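Here the structure is laid out as structure tokens; the discussion comes afterwards.
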Amino acid sequence: MWSLLLMALAGLLIGGAYTFFQQKSARWIPISFAVLAIMSLVAAYMFTLQN
């Protein structure tokens, strides 16, 4: 359950990173969104290892 929610959050964060990249905003904003998305995917993977 939590892994599914974290993967959905990662998808939203990747979409946000892409949107901010297209808008030519400050470079640190899309990078931080991408880093948070990667962290969310890693957390989702860690939840699947508990079983």
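By convention in this document, the chains of the structure tokens carry letters A, B, ... by their order, each chain's residues are numbered from 1, and ligands are numbered from 1 in the order they are shown.
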
Can you tell me, as a list in words, what residues are no more than 8 Å from A:Met7 when counting only C-alpha atoms, ignoring any on the same chain fewer than 3 positions away?
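Non-adjacent residues within range: Ser3, Leu4, Ala10, Gly11, Ser40, Leu41 and Ala44 of chain A.
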
Writer output for current selection, N, CA, C and O atoms, as a CSV table (one decimal), in the first residue's frame:
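After the write, result35.csv holds the following:
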```csv
chain,number,residue,atom,x,y,z
A,3,SER,N,4.0,1.5,-0.7
A,3,SER,CA,4.9,1.6,-1.9
A,3,SER,C,4.2,2.1,-3.1
A,3,SER,O,4.7,2.9,-3.9
A,4,LEU,N,2.9,1.8,-3.2
A,4,LEU,CA,2.1,2.3,-4.3
A,4,LEU,C,1.9,3.8,-4.2
A,4,LEU,O,2.1,4.6,-5.2
A,10,ALA,N,6.3,9.8,-6.6
A,10,ALA,CA,7.4,10.0,-7.4
A,10,ALA,C,7.0,10.4,-8.8
A,10,ALA,O,7.7,11.3,-9.4
A,11,GLY,N,5.9,9.9,-9.3
A,11,GLY,CA,5.5,10.3,-10.6
A,11,GLY,C,5.1,11.8,-10.7
A,11,GLY,O,5.3,12.5,-11.6
A,40,SER,N,11.8,9.0,-3.1
A,40,SER,CA,10.5,8.3,-3.0
A,40,SER,C,10.5,6.9,-3.6
A,40,SER,O,10.0,6.0,-3.0
A,41,LEU,N,11.2,6.8,-4.7
A,41,LEU,CA,11.2,5.5,-5.4
A,41,LEU,C,12.1,4.5,-4.5
A,41,LEU,O,11.8,3.3,-4.4
A,44,ALA,N,10.0,3.4,-1.6
A,44,ALA,CA,9.0,2.4,-2.1
A,44,ALA,C,9.6,1.1,-2.2
A,44,ALA,O,9.1,0.0,-1.9
```

Looking at only C-alpha atoms, which of A:Lys24, A:Ile14, A:Met1, A:Ala8 is the one that sits closest to A:Leu36?
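Result for the nearest residue to A:Leu36: A:Ile14.
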
Run DSSP on the backbone and grab whatever in chain A lands in helix (DSSP H, G or I); send it over as a PyMOL selection string.
chain A and resi 2-22+28-49

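Atom CA of A:Phe47 lies 21.1 Å from atom CA of A:Phe33.
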
Distance in Å - atom CA of A:Gly15 versus atom CA of A:Gln50
28.4 Å

Separating atom CA of A:Phe21 from atom CA of A:Ala37, to the nearest tenth of an Å, is a gap of 14.7 Å
